[in-house]
file data10.cif (mmCIF, C-alpha atoms and all ligand atoms)
data_work
#
loop_
_atom_site.label_atom_id
_atom_site.label_comp_id
_atom_site.auth_asym_id
_atom_site.auth_seq_id
_atom_site.Cartn_x
_atom_site.Cartn_y
_atom_site.Cartn_z
CA MET V 1 7.02 10.87 37.15
CA ASN V 2 7.22 7.72 39.25
CA TYR V 3 5.27 7.84 42.49
CA ARG V 4 5.72 4.19 43.39
CA ILE V 5 8.27 2.29 45.41
CA ASP V 6 11.60 1.24 43.85
CA ASP V 7 13.28 -2.13 44.32
CA ARG V 8 15.37 -0.82 47.23
CA GLY V 9 12.27 0.09 49.20
CA TYR V 10 12.40 3.86 48.54
CA TYR V 11 9.95 6.43 47.21
CA GLY V 12 12.41 8.91 45.72
CA ASP V 13 14.55 10.02 48.67
CA PHE V 14 12.26 8.52 51.31
CA GLY V 15 11.57 5.14 52.85
CA GLY V 16 14.05 2.34 53.46
CA ALA V 17 14.46 0.36 56.67
CA TYR V 18 16.43 2.13 59.41
CA ILE V 19 16.20 -0.50 62.10
CA PRO V 20 18.36 -1.99 64.83
CA GLU V 21 20.42 -4.96 63.67
CA MET V 22 18.42 -7.26 65.98
CA LEU V 23 15.19 -6.50 64.12
CA TYR V 24 16.66 -7.22 60.72
CA PRO V 25 15.64 -10.92 60.46
CA ASN V 26 11.99 -10.15 61.30
CA VAL V 27 11.66 -7.32 58.81
CA GLU V 28 13.56 -9.31 56.19
CA GLU V 29 11.22 -12.30 56.58
CA LEU V 30 8.26 -10.02 55.99
CA ARG V 31 9.88 -8.24 53.06
CA THR V 32 10.83 -11.41 51.21
CA LYS V 33 7.50 -13.19 51.76
CA TYR V 34 4.61 -10.73 51.84
CA LEU V 35 4.23 -10.10 48.12
CA ASP V 36 4.04 -13.81 47.31
CA ILE V 37 1.56 -14.42 50.11
CA ILE V 38 -0.82 -11.61 49.25
CA ALA V 39 -0.78 -12.77 45.60
CA LEU V 40 -2.03 -16.25 46.58
CA PRO V 41 -5.58 -16.97 45.37
CA GLU V 42 -6.52 -18.21 48.86
CA PHE V 43 -5.24 -14.99 50.43
CA LYS V 44 -7.29 -12.91 48.05
CA ALA V 45 -10.40 -15.04 48.51
CA GLU V 46 -10.26 -14.71 52.29
CA PHE V 47 -9.46 -10.99 52.18
CA ASP V 48 -12.40 -10.34 49.83
CA SER V 49 -14.78 -12.46 51.86
CA LEU V 50 -13.92 -10.78 55.19
CA MET V 51 -14.07 -7.35 53.59
CA LYS V 52 -17.57 -8.11 52.36
CA ASP V 53 -19.16 -10.01 55.23
CA TYR V 54 -17.21 -8.81 58.29
CA VAL V 55 -16.20 -5.23 57.47
CA GLY V 56 -19.30 -4.54 55.36
CA ARG V 57 -17.62 -3.48 52.13
CA PRO V 58 -17.92 -2.01 49.62
CA SER V 59 -18.39 1.16 51.64
CA PRO V 60 -20.87 3.47 49.85
CA LEU V 61 -19.89 6.48 47.77
CA PHE V 62 -22.52 8.98 48.84
CA LEU V 63 -23.49 12.11 46.89
CA ALA V 64 -23.95 14.71 49.63
CA GLN V 65 -26.72 16.81 48.06
CA ARG V 66 -26.95 19.72 50.48
CA LEU V 67 -23.19 20.03 50.79
CA SER V 68 -22.97 19.97 46.99
CA GLU V 69 -25.42 22.86 46.74
CA LYS V 70 -23.52 24.84 49.35
CA TYR V 71 -20.15 24.47 47.65
CA GLY V 72 -21.35 24.51 44.02
CA ALA V 73 -19.81 21.17 43.03
CA GLN V 74 -20.72 17.50 43.21
CA ILE V 75 -19.40 16.42 46.60
CA TYR V 76 -19.13 12.67 47.15
CA LEU V 77 -18.24 11.09 50.50
CA LYS V 78 -16.41 7.75 50.58
CA ARG V 79 -18.05 6.23 53.63
CA GLU V 80 -15.23 4.47 55.52
CA ASP V 81 -17.12 5.55 58.65
CA LEU V 82 -19.62 2.76 57.94
CA ASN V 83 -17.01 -0.01 58.25
CA HIS V 84 -17.11 -2.39 61.20
CA THR V 85 -15.31 -0.64 64.10
CA GLY V 86 -16.03 2.74 62.53
CA ALA V 87 -13.02 3.63 60.41
CA HIS V 88 -10.66 2.59 57.63
CA LYS V 89 -8.08 1.03 60.00
CA ILE V 90 -9.79 -2.37 59.85
CA ASN V 91 -8.87 -2.71 56.12
CA ASN V 92 -5.21 -2.92 57.12
CA THR V 93 -5.58 -5.14 60.17
CA ILE V 94 -7.66 -7.67 58.21
CA GLY V 95 -4.92 -7.84 55.58
CA GLN V 96 -2.15 -8.21 58.14
CA ILE V 97 -3.92 -10.84 60.26
CA ILE V 98 -4.40 -13.13 57.26
CA LEU V 99 -0.77 -12.53 56.33
CA ALA V 100 0.36 -13.34 59.89
CA GLU V 101 -1.55 -16.63 59.79
CA LYS V 102 0.02 -17.58 56.48
CA LEU V 103 3.45 -16.77 57.95
CA GLY V 104 2.65 -19.23 60.73
CA LYS V 105 2.58 -16.58 63.50
CA LYS V 106 0.57 -17.32 66.63
CA ARG V 107 0.97 -14.04 68.50
CA ILE V 108 0.21 -10.47 67.45
CA ILE V 109 1.64 -7.27 68.89
CA ALA V 110 0.76 -3.66 68.11
CA GLU V 111 1.34 -0.18 69.45
CA THR V 112 -1.42 2.37 69.75
CA GLY V 113 -1.71 6.05 70.61
CA ALA V 114 -5.36 6.99 70.85
CA GLY V 115 -6.33 3.33 70.86
CA GLN V 116 -8.04 3.18 67.45
CA HIS V 117 -5.38 0.95 65.91
CA GLY V 118 -5.26 -1.12 69.10
CA VAL V 119 -9.00 -1.73 68.81
CA ALA V 120 -8.76 -2.64 65.12
CA THR V 121 -5.96 -5.09 65.98
CA ALA V 122 -7.77 -6.61 68.98
CA THR V 123 -10.82 -7.04 66.74
CA VAL V 124 -9.07 -9.17 64.10
CA CYS V 125 -7.19 -11.16 66.76
CA ALA V 126 -10.51 -12.06 68.39
CA LEU V 127 -11.85 -12.98 64.97
CA LYS V 128 -8.93 -15.35 64.42
CA GLY V 129 -8.41 -16.54 67.99
CA LEU V 130 -4.82 -15.23 68.09
CA GLU V 131 -3.05 -13.89 71.17
CA CYS V 132 -2.93 -10.09 71.13
CA VAL V 133 -0.66 -7.73 73.07
CA VAL V 134 -1.13 -3.98 72.60
CA TYR V 135 1.47 -1.53 73.89
CA MET V 136 0.08 1.84 74.90
CA GLY V 137 1.58 4.80 76.73
CA GLU V 138 0.50 5.04 80.37
CA VAL V 139 -0.77 8.59 79.77
CA ASP V 140 -2.78 7.43 76.74
CA ILE V 141 -4.30 4.55 78.72
CA GLU V 142 -5.73 7.10 81.12
CA ARG V 143 -6.91 9.45 78.37
CA GLN V 144 -8.52 6.74 76.22
CA ALA V 145 -10.32 4.55 78.74
CA PRO V 146 -13.19 3.45 76.42
CA ASN V 147 -10.76 2.08 73.81
CA VAL V 148 -8.79 0.27 76.51
CA ALA V 149 -12.05 -1.32 77.66
CA ARG V 150 -12.90 -2.35 74.08
CA MET V 151 -9.51 -4.03 73.64
CA LYS V 152 -9.80 -5.88 76.95
CA MET V 153 -13.32 -7.02 76.17
CA MET V 154 -12.05 -8.59 72.95
CA GLY V 155 -9.36 -10.45 74.84
CA ALA V 156 -6.30 -8.28 74.18
CA LYS V 157 -3.67 -7.62 76.82
CA VAL V 158 -2.96 -3.88 77.10
CA VAL V 159 0.58 -3.25 78.35
CA PRO V 160 1.44 0.26 79.60
CA ALA V 161 4.60 1.95 78.31
CA THR V 162 6.02 3.77 81.31
CA SER V 163 9.16 5.38 79.88
CA GLY V 164 9.68 8.84 78.34
CA SER V 165 6.54 10.88 77.74
CA LYS V 166 4.46 7.67 78.22
CA THR V 167 2.74 8.15 74.85
CA LEU V 168 2.84 6.72 71.33
CA LYS V 169 6.57 6.79 70.66
CA ASP V 170 7.31 5.00 73.93
CA ALA V 171 4.68 2.37 73.09
CA THR V 172 6.38 1.94 69.69
CA ASN V 173 9.74 1.33 71.39
CA GLU V 174 8.19 -1.31 73.66
CA ALA V 175 6.56 -3.07 70.70
CA MET V 176 9.90 -3.13 68.83
CA ARG V 177 11.62 -4.60 71.88
CA ASP V 178 8.95 -7.30 72.15
CA TRP V 179 9.36 -8.18 68.46
CA ILE V 180 13.13 -8.48 68.80
CA ASN V 181 12.63 -10.89 71.71
CA ASN V 182 9.94 -12.98 69.97
CA PRO V 183 10.98 -13.23 66.32
CA GLU V 184 9.70 -16.76 65.68
CA ASP V 185 6.04 -16.70 66.64
CA THR V 186 5.11 -12.99 66.62
CA HIS V 187 3.87 -10.58 63.94
CA TYR V 188 3.93 -6.82 64.57
CA ILE V 189 0.92 -5.03 63.06
CA ILE V 190 1.76 -1.40 62.29
CA GLY V 191 -1.32 0.78 61.85
CA SER V 192 -0.41 3.33 59.19
CA VAL V 193 1.80 3.77 56.12
CA VAL V 194 4.82 4.27 58.37
CA GLY V 195 7.65 2.15 59.73
CA PRO V 196 10.48 0.33 57.94
CA HIS V 197 10.04 -1.05 54.42
CA PRO V 198 7.90 -3.06 53.58
CA TYR V 199 5.28 -1.73 56.02
CA PRO V 200 4.36 1.53 54.22
CA GLU V 201 3.96 -0.31 50.91
CA MET V 202 2.08 -3.24 52.43
CA VAL V 203 -0.35 -1.05 54.37
CA SER V 204 -1.02 1.14 51.33
CA LYS V 205 -1.86 -1.98 49.30
CA PHE V 206 -4.39 -3.14 51.91
CA GLN V 207 -5.91 0.35 52.08
CA SER V 208 -5.97 0.75 48.29
CA ILE V 209 -9.35 -1.00 48.31
CA ILE V 210 -10.72 2.49 49.10
CA SER V 211 -9.77 3.98 45.73
CA GLU V 212 -10.37 0.72 43.87
CA GLU V 213 -14.02 0.81 44.95
CA THR V 214 -14.29 4.57 44.46
CA LYS V 215 -13.32 4.30 40.79
CA LYS V 216 -16.01 1.70 40.11
CA GLN V 217 -18.58 3.70 42.05
CA LEU V 218 -17.72 6.93 40.21
CA ILE V 219 -18.40 5.19 36.90
CA GLU V 220 -21.85 4.21 38.17
CA HIS V 221 -22.56 7.73 39.45
CA THR V 222 -20.95 9.93 36.81
CA GLY V 223 -19.76 7.69 33.97
CA ASN V 224 -16.15 8.78 34.56
CA ASP V 225 -13.69 7.23 37.01
CA GLN V 226 -11.63 10.43 37.23
CA PRO V 227 -12.99 13.11 39.56
CA ASN V 228 -11.56 16.64 39.60
CA TYR V 229 -10.47 16.50 43.23
CA VAL V 230 -9.80 13.84 45.85
CA LEU V 231 -9.34 14.87 49.49
CA ALA V 232 -8.28 12.99 52.61
CA CYS V 233 -6.83 13.76 56.04
CA VAL V 234 -3.30 12.70 57.00
CA GLY V 235 -2.00 11.48 60.32
CA GLY V 236 0.52 8.83 59.32
CA GLY V 237 -1.28 8.81 55.99
CA SER V 238 -2.99 5.43 55.52
CA ASN V 239 -6.53 6.52 54.65
CA ALA V 240 -5.07 9.15 52.31
CA MET V 241 -2.74 6.62 50.63
CA GLY V 242 -5.68 4.22 50.19
CA MET V 243 -7.83 7.02 48.79
CA PHE V 244 -5.07 8.27 46.42
CA TYR V 245 -3.57 4.91 45.40
CA HIS V 246 -5.42 4.28 42.12
CA PHE V 247 -5.50 7.99 41.22
CA LEU V 248 -1.75 8.65 41.47
CA ASP V 249 -1.13 8.21 37.76
CA ASP V 250 -4.28 10.13 36.73
CA GLU V 251 -2.38 13.40 36.54
CA ASN V 252 -5.50 15.50 35.91
CA VAL V 253 -7.02 14.38 39.24
CA LYS V 254 -5.97 16.87 41.93
CA LEU V 255 -5.03 15.17 45.18
CA ILE V 256 -5.26 17.13 48.42
CA ALA V 257 -4.15 15.97 51.88
CA ALA V 258 -5.22 17.81 55.03
CA GLU V 259 -2.90 17.90 58.01
CA ALA V 260 -3.76 19.00 61.53
CA ALA V 261 -2.61 22.56 62.23
CA GLY V 262 -3.88 22.29 65.81
CA LEU V 263 -3.98 25.77 67.35
CA GLY V 264 -2.25 27.18 64.23
CA VAL V 265 0.71 26.12 62.08
CA ASN V 266 3.10 28.42 63.92
CA SER V 267 1.51 28.18 67.37
CA GLY V 268 3.90 25.53 68.67
CA HIS V 269 0.86 23.27 69.09
CA SER V 270 0.27 21.48 65.81
CA ALA V 271 0.88 18.35 63.78
CA ALA V 272 1.39 20.08 60.42
CA THR V 273 4.31 17.89 59.38
CA SER V 274 4.72 18.92 55.75
CA ALA V 275 4.52 22.62 56.63
CA LEU V 276 6.99 22.42 59.53
CA GLY V 277 8.90 19.19 59.07
CA LYS V 278 12.42 18.46 57.89
CA GLU V 279 13.94 15.32 56.47
CA GLY V 280 15.04 12.72 58.96
CA VAL V 281 14.40 9.22 60.24
CA LEU V 282 11.27 8.35 62.21
CA HIS V 283 9.99 4.89 63.19
CA GLY V 284 12.40 3.12 60.89
CA SER V 285 12.05 5.07 57.67
CA ARG V 286 13.46 8.20 56.07
CA THR V 287 10.69 10.77 55.81
CA ILE V 288 9.80 14.28 56.92
CA LEU V 289 9.08 14.91 60.57
CA MET V 290 8.72 17.73 63.03
CA GLN V 291 12.03 18.10 64.83
CA THR V 292 14.14 20.67 66.62
CA ASN V 293 17.37 21.99 65.09
CA ASP V 294 19.33 19.31 66.93
CA GLY V 295 17.04 16.56 65.69
CA GLN V 296 14.76 15.96 68.69
CA VAL V 297 11.26 14.90 67.67
CA VAL V 298 8.77 17.67 68.48
CA GLU V 299 5.72 16.57 70.49
CA PRO V 300 2.76 16.96 68.09
CA TYR V 301 -0.64 18.34 69.01
CA SER V 302 -4.09 18.09 67.45
CA ILE V 303 -7.59 18.02 68.90
CA SER V 304 -8.02 14.79 66.92
CA ALA V 305 -6.04 11.95 68.47
CA GLY V 306 -5.60 10.17 65.12
CA LEU V 307 -3.73 13.08 63.50
CA ASP V 308 -1.50 13.70 66.49
CA TYR V 309 1.66 12.26 64.87
CA PRO V 310 5.01 14.03 64.32
CA GLY V 311 5.71 12.56 60.88
CA ILE V 312 4.07 11.33 57.68
CA GLY V 313 4.66 8.09 55.81
CA PRO V 314 7.62 8.09 53.38
CA GLN V 315 5.44 7.93 50.26
CA HIS V 316 3.68 11.10 51.42
CA ALA V 317 7.08 12.76 51.93
CA HIS V 318 7.85 11.89 48.29
CA LEU V 319 4.45 12.99 46.94
CA HIS V 320 4.95 16.26 48.82
CA LYS V 321 8.44 16.82 47.48
CA VAL V 322 7.50 16.13 43.85
CA LYS V 323 4.27 18.13 44.34
CA ARG V 324 1.91 15.37 43.14
CA VAL V 325 -0.22 15.92 46.24
CA GLU V 326 -0.99 19.31 47.77
CA TYR V 327 -0.67 19.29 51.57
CA VAL V 328 -2.82 21.81 53.43
CA SER V 329 -3.13 22.69 57.12
CA ILE V 330 -6.46 22.76 58.97
CA THR V 331 -6.81 24.09 62.52
CA ASP V 332 -8.77 22.50 65.36
CA ASP V 333 -11.45 25.17 65.07
CA GLU V 334 -11.85 24.71 61.31
CA ALA V 335 -12.19 20.95 61.73
CA MET V 336 -14.70 21.31 64.56
CA GLN V 337 -16.87 23.67 62.50
CA ALA V 338 -16.71 21.27 59.54
CA SER V 339 -17.85 18.43 61.84
CA LEU V 340 -20.86 20.44 62.93
CA LEU V 341 -21.66 21.44 59.37
CA LEU V 342 -21.71 17.82 58.15
CA ALA V 343 -23.85 16.78 61.10
CA LYS V 344 -26.38 19.55 60.45
CA MET V 345 -26.43 19.37 56.66
CA GLU V 346 -26.17 15.65 55.97
CA GLY V 347 -27.00 13.90 59.23
CA ILE V 348 -23.53 12.38 59.44
CA ILE V 349 -21.27 12.96 62.46
CA PRO V 350 -17.69 12.50 61.21
CA ALA V 351 -14.55 11.63 63.12
CA ILE V 352 -12.69 14.87 63.87
CA GLU V 353 -9.79 13.48 61.78
CA SER V 354 -12.02 13.19 58.70
CA ALA V 355 -13.45 16.67 59.33
CA HIS V 356 -9.99 18.10 58.56
CA ALA V 357 -10.50 17.00 54.95
CA LEU V 358 -14.05 18.38 54.89
CA ALA V 359 -12.85 21.75 56.23
CA GLN V 360 -10.66 22.22 53.16
CA LEU V 361 -13.83 22.46 50.96
CA GLU V 362 -14.51 25.81 52.60
CA LYS V 363 -11.23 27.20 51.17
CA MET V 364 -11.66 26.03 47.59
CA THR V 365 -13.52 27.47 44.61
CA PHE V 366 -15.22 25.04 42.28
CA LYS V 367 -16.69 25.01 38.81
CA LYS V 368 -20.29 23.82 38.81
CA ASP V 369 -19.66 20.39 37.33
CA ASP V 370 -16.57 19.60 39.38
CA VAL V 371 -16.64 16.14 40.91
CA VAL V 372 -15.06 16.01 44.36
CA VAL V 373 -14.46 12.91 46.50
CA VAL V 374 -13.76 13.30 50.21
CA CYS V 375 -12.62 10.31 52.25
CA LEU V 376 -14.76 10.13 55.37
CA SER V 377 -12.17 8.04 57.19
CA GLY V 378 -14.22 7.42 60.33
CA ARG V 379 -17.32 8.16 62.38
CA GLY V 380 -17.58 10.61 65.24
CA ASP V 381 -18.96 8.41 68.01
CA LYS V 382 -15.52 8.19 69.62
CA ASP V 383 -15.30 12.01 69.63
CA LEU V 384 -18.57 12.75 71.37
CA ASP V 385 -16.88 13.88 74.58
CA THR V 386 -14.78 16.37 72.62
CA PHE V 387 -17.84 17.65 70.73
CA MET V 388 -19.78 18.05 73.98
CA LYS V 389 -17.03 20.12 75.60
CA TYR V 390 -16.23 22.18 72.51
CA PHE V 391 -19.82 23.05 71.55
CA ASN V 392 -21.17 23.05 75.09
CA LEU V 393 -23.81 20.47 74.13
C1 LIG V 401 -6.28 6.79 62.73
C2 LIG V 401 -7.22 7.63 61.98
C3 LIG V 401 -6.77 8.57 61.03
C4 LIG V 401 -5.32 8.87 60.79
O1 LIG V 401 -4.57 7.80 60.33
P1 LIG V 401 -4.05 7.72 58.82
O2 LIG V 401 -3.08 6.60 58.85
O3 LIG V 401 -3.44 9.03 58.48
O4 LIG V 401 -5.23 7.43 57.98
C5 LIG V 401 -7.72 9.29 60.31
N1 LIG V 401 -9.05 9.13 60.52
C6 LIG V 401 -9.51 8.23 61.43
C7 LIG V 401 -10.98 8.12 61.60
C8 LIG V 401 -8.63 7.48 62.19
O5 LIG V 401 -9.10 6.62 63.10
#

call {"tool": "encode", "arguments": {"input": "data10.cif", "output": "structure tokens", "more": "lines below"}}
Ligand SMILES: *Cc1c(COP(=O)(O)O)cnc(C)c1O
result
Amino acid sequence: MNYRIDDRGYYGDFGGAYIPEMLYPNVEELRTKYLDIIALPEFKAEFDSLMKDYVGRPSPLFLAQRLSEKYGAQIYLKREDLNHTGAHKINNTIGQIILAEKLGKKRIIAETGAGQHGVATATVCALKGLECVVYMGEVDIERQAPNVARMKMMGAKVVPATSGSKTLKDATNEAMRDWINNPEDTHYIIGSVVGPHPYPEMVSKFQSIISEETKKQLIEHTGNDQPNYVLACVGGGSNAMGMFYHFLDDENVKLIAAEAAGLGVNSGHSAATSALGKEGVLHGSRTILMQTNDGQVVEPYSISAGLDYPGIGPQHAHLHKVKRVEYVSITDDEAMQASLLLAKMEGIIPAIESAHALAQLEKMTFKKDDVVVVCLSGRGDKDLDTFMKYFNL
């Protein structure tokens, strides 16, 4: 079975570039140039150096002893939470900022929902001294004040999107409009494995450092680079794609992706795309998304802002359809309990997103020697308010 992209930019039935005519030259420039640029020795040297000295990679692969005893397997955590800025998103923005420079771009735009991708983008723009404009829904700007402050402090301009529901999809529309109007000097940094080809492929390559390191670290820990299970949470799907990337062809490694079921898969308040979604076009690619019978995108819900997305990247849609990856649904409550459990048992407070992957452990049965890797995509500092309210701390 082929899980990779074909030369038309599709993963099986999914992917492609469904974009307005006016955006075509920008996307085409990226598509025709990015592979050559990221193969340059000087690109690789700079990427590796920033990953090491700025991001703090390699991120550790930590054997969680007490969790392992509880579940009766060897549970390893891939510690993306220890990266600079607290999550995996920086892996992608570092890759794209170097690429933008090599393309001769002077100005960076991005869209953000909860603000995490906006912060990761503002960070690398400050690092490189490039102009940064982040589009964000007006409602999200109010809800995510600390991230707005972070972006501003690092010199980014945060522009409110005031149309529609004033959230992520409206910010995305504004960013697209900006890119159409500034094709020469501007690069658009998309934050997950979504968007028109080549974005999903490009982002998954930058994030694939997660599984590349994990394989080496597993050899050191266990002598075998193939674990029994690999788990990750899925919003758009970038930490999961990075975590799965080098395991896709290891057919005996079971890959599990946890989606946000919110208040319950059938509650009308969830983001469980693979359980509820149908095929369609979202953000420029053919994928599966949550939509009404007449094709309106359904407003997603999750307690974790990072999983609150109505679709999944096209490669995930393919991996779901061909059943290479098992997609499971985790409710808010299950994720919150898993957060508390990790805090109490290992002294690590995870991002609520990452806790969706941890919560799946509770539902599995293991053999004693099973090796399990969970991607801890981010740290929980940003979620403290939510923890305080939920647990009455
Ligand atoms: C943004 C985010 C996610 C979800 O994004 P993916 O593209 O699905 O990885 C997951 N975890 C954390 C900590 C995040 O910040």

call {"tool": "residues_around", "arguments": {"input": "data10.cif", "residues": "Arg286 of chain V", "least_positions_apart": "6", "cutoff": "6 Å", "atoms": "all atoms listed in the file", "output": "VMD selection string"}}
result
chain V and resid 14 to 15 280

call {"tool": "axis_aligned_box", "arguments": {"input": "data10.cif", "around": "ligand LIG 401 (chain V)", "padding_each_side": "3 Å", "output": "AutoDock Vina command-line options"}}
result
--center_x -7.0 --center_y 7.9 --center_z 60.5 --size_x 13.9 --size_y 8.7 --size_z 11.1

call {"tool": "closest_atom_pairs", "arguments": {"input": "data10.cif", "of": "chain V", "to": "ligand LIG 401 (chain V)", "cutoff": "9 Å", "atoms": "all atoms listed in the file", "output": "JSON lines"}}
result
{"residue": "V:Glu80", "atom": "CA", "partner": "V:LIG401", "partner_atom": "C7", "distance": 8.3}
{"residue": "V:Asp81", "atom": "CA", "partner": "V:LIG401", "partner_atom": "C7", "distance": 7.3}
{"residue": "V:Gly86", "atom": "CA", "partner": "V:LIG401", "partner_atom": "C7", "distance": 7.4}
{"residue": "V:Ala87", "atom": "CA", "partner": "V:LIG401", "partner_atom": "C7", "distance": 5.1}
{"residue": "V:His88", "atom": "CA", "partner": "V:LIG401", "partner_atom": "C7", "distance": 6.8}
{"residue": "V:Lys89", "atom": "CA", "partner": "V:LIG401", "partner_atom": "O5", "distance": 6.5}
{"residue": "V:Ala114", "atom": "CA", "partner": "V:LIG401", "partner_atom": "C1", "distance": 8.2}
{"residue": "V:Gly115", "atom": "CA", "partner": "V:LIG401", "partner_atom": "C1", "distance": 8.8}
{"residue": "V:Gln116", "atom": "CA", "partner": "V:LIG401", "partner_atom": "O5", "distance": 5.6}
{"residue": "V:His117", "atom": "CA", "partner": "V:LIG401", "partner_atom": "C1", "distance": 6.7}
{"residue": "V:Gly191", "atom": "CA", "partner": "V:LIG401", "partner_atom": "O2", "distance": 6.8}
{"residue": "V:Ser192", "atom": "CA", "partner": "V:LIG401", "partner_atom": "O2", "distance": 4.2}
{"residue": "V:Val193", "atom": "CA", "partner": "V:LIG401", "partner_atom": "O2", "distance": 6.3}
{"residue": "V:Val194", "atom": "CA", "partner": "V:LIG401", "partner_atom": "O2", "distance": 8.3}
{"residue": "V:Ala232", "atom": "CA", "partner": "V:LIG401", "partner_atom": "O4", "distance": 8.3}
{"residue": "V:Cys233", "atom": "CA", "partner": "V:LIG401", "partner_atom": "C5", "distance": 6.2}
{"residue": "V:Val234", "atom": "CA", "partner": "V:LIG401", "partner_atom": "O3", "distance": 4.0}
{"residue": "V:Gly235", "atom": "CA", "partner": "V:LIG401", "partner_atom": "O3", "distance": 3.4}
{"residue": "V:Gly236", "atom": "CA", "partner": "V:LIG401", "partner_atom": "O3", "distance": 4.1}
{"residue": "V:Gly237", "atom": "CA", "partner": "V:LIG401", "partner_atom": "O3", "distance": 3.3}
{"residue": "V:Ser238", "atom": "CA", "partner": "V:LIG401", "partner_atom": "O2", "distance": 3.5}
{"residue": "V:Asn239", "atom": "CA", "partner": "V:LIG401", "partner_atom": "O4", "distance": 3.7}
{"residue": "V:Ala240", "atom": "CA", "partner": "V:LIG401", "partner_atom": "O4", "distance": 5.9}
{"residue": "V:Met241", "atom": "CA", "partner": "V:LIG401", "partner_atom": "O4", "distance": 7.8}
{"residue": "V:Gly242", "atom": "CA", "partner": "V:LIG401", "partner_atom": "O4", "distance": 8.4}
{"residue": "V:Glu259", "atom": "CA", "partner": "V:LIG401", "partner_atom": "O3", "distance": 8.9}
{"residue": "V:Ser304", "atom": "CA", "partner": "V:LIG401", "partner_atom": "C5", "distance": 8.6}
{"residue": "V:Ala305", "atom": "CA", "partner": "V:LIG401", "partner_atom": "C1", "distance": 7.7}
{"residue": "V:Gly306", "atom": "CA", "partner": "V:LIG401", "partner_atom": "C1", "distance": 4.2}
{"residue": "V:Leu307", "atom": "CA", "partner": "V:LIG401", "partner_atom": "C4", "distance": 5.3}
{"residue": "V:Asp308", "atom": "CA", "partner": "V:LIG401", "partner_atom": "C4", "distance": 8.4}
{"residue": "V:Tyr309", "atom": "CA", "partner": "V:LIG401", "partner_atom": "C4", "distance": 8.8}
{"residue": "V:Ile312", "atom": "CA", "partner": "V:LIG401", "partner_atom": "O3", "distance": 7.9}
{"residue": "V:Gly313", "atom": "CA", "partner": "V:LIG401", "partner_atom": "O2", "distance": 8.4}
{"residue": "V:Pro350", "atom": "CA", "partner": "V:LIG401", "partner_atom": "C7", "distance": 8.0}
{"residue": "V:Ala351", "atom": "CA", "partner": "V:LIG401", "partner_atom": "C7", "distance": 5.2}
{"residue": "V:Ile352", "atom": "CA", "partner": "V:LIG401", "partner_atom": "C7", "distance": 7.3}
{"residue": "V:Glu353", "atom": "CA", "partner": "V:LIG401", "partner_atom": "N1", "distance": 4.6}
{"residue": "V:Ser354", "atom": "CA", "partner": "V:LIG401", "partner_atom": "N1", "distance": 5.3}
{"residue": "V:Ala355", "atom": "CA", "partner": "V:LIG401", "partner_atom": "N1", "distance": 8.8}
{"residue": "V:Leu376", "atom": "CA", "partner": "V:LIG401", "partner_atom": "C7", "distance": 7.6}
{"residue": "V:Ser377", "atom": "CA", "partner": "V:LIG401", "partner_atom": "C7", "distance": 4.6}
{"residue": "V:Gly378", "atom": "CA", "partner": "V:LIG401", "partner_atom": "C7", "distance": 3.5}
{"residue": "V:Arg379", "atom": "CA", "partner": "V:LIG401", "partner_atom": "C7", "distance": 6.4}
{"residue": "V:Gly380", "atom": "CA", "partner": "V:LIG401", "partner_atom": "C7", "distance": 7.9}

call {"tool": "residues_near_point", "arguments": {"input": "data10.cif", "point": "(1.4, -9.2, 62.1)", "cutoff": "6 Å", "atoms": "all atoms listed in the file", "output": "ChimeraX atom specification"}}
result
/V:96-97,100,108,187-189

call {"tool": "closest_residue", "arguments": {"input": "data10.cif", "among": "V:Val373, V:Ala161, V:His221, V:His269", "to": "Leu255 of chain V", "atoms": "all atoms listed in the file"}}
result
V:Val373

call {"tool": "residues_around", "arguments": {"input": "data10.cif", "residues": "His246 of chain V", "least_positions_apart": "6", "cutoff": "9 Å", "atoms": "all atoms listed in the file", "output": "list in words"}}
result
Ser208, Ile210, Ser211, Glu212 and Lys215 of chain V

call {"tool": "closest_residue", "arguments": {"input": "data10.cif", "among": "V:Tyr135, V:Tyr76, V:Tyr24, V:Phe387", "to": "Pro183 of chain V", "atoms": "only C-alpha atoms"}}
result
V:Tyr24

call {"tool": "residues_around", "arguments": {"input": "data10.cif", "residues": "segment 162-168 of chain V", "least_positions_apart": "3", "cutoff": "8 Å", "atoms": "all atoms listed in the file", "output": "list in words"}}
result
Glu111, Thr112, Gly113, Met136, Gly137, Glu138, Val139, Asp140, Ala171 and Thr172 of chain V

call {"tool": "residues_around", "arguments": {"input": "data10.cif", "residues": "Ile180 of chain V", "least_positions_apart": "5", "cutoff": "12 Å", "atoms": "all atoms listed in the file", "output": "short mmCIF file (atom, residue, chain, number, x, y, z; two decimals) with C-alpha atoms, keeping the file's coordinate frame"}}
result
data_model
loop_
_atom_site.label_atom_id
_atom_site.label_comp_id
_atom_site.auth_asym_id
_atom_site.auth_seq_id
_atom_site.Cartn_x
_atom_site.Cartn_y
_atom_site.Cartn_z
CA ILE V 19 16.20 -0.50 62.10
CA PRO V 20 18.36 -1.99 64.83
CA GLU V 21 20.42 -4.96 63.67
CA MET V 22 18.42 -7.26 65.98
CA LEU V 23 15.19 -6.50 64.12
CA TYR V 24 16.66 -7.22 60.72
CA PRO V 25 15.64 -10.92 60.46
CA ASN V 26 11.99 -10.15 61.30
CA VAL V 27 11.66 -7.32 58.81
CA ILE V 109 1.64 -7.27 68.89
CA ASN V 173 9.74 1.33 71.39
CA GLU V 174 8.19 -1.31 73.66
CA ALA V 175 6.56 -3.07 70.70
CA ASP V 185 6.04 -16.70 66.64
CA THR V 186 5.11 -12.99 66.62
CA HIS V 187 3.87 -10.58 63.94
CA TYR V 188 3.93 -6.82 64.57
#
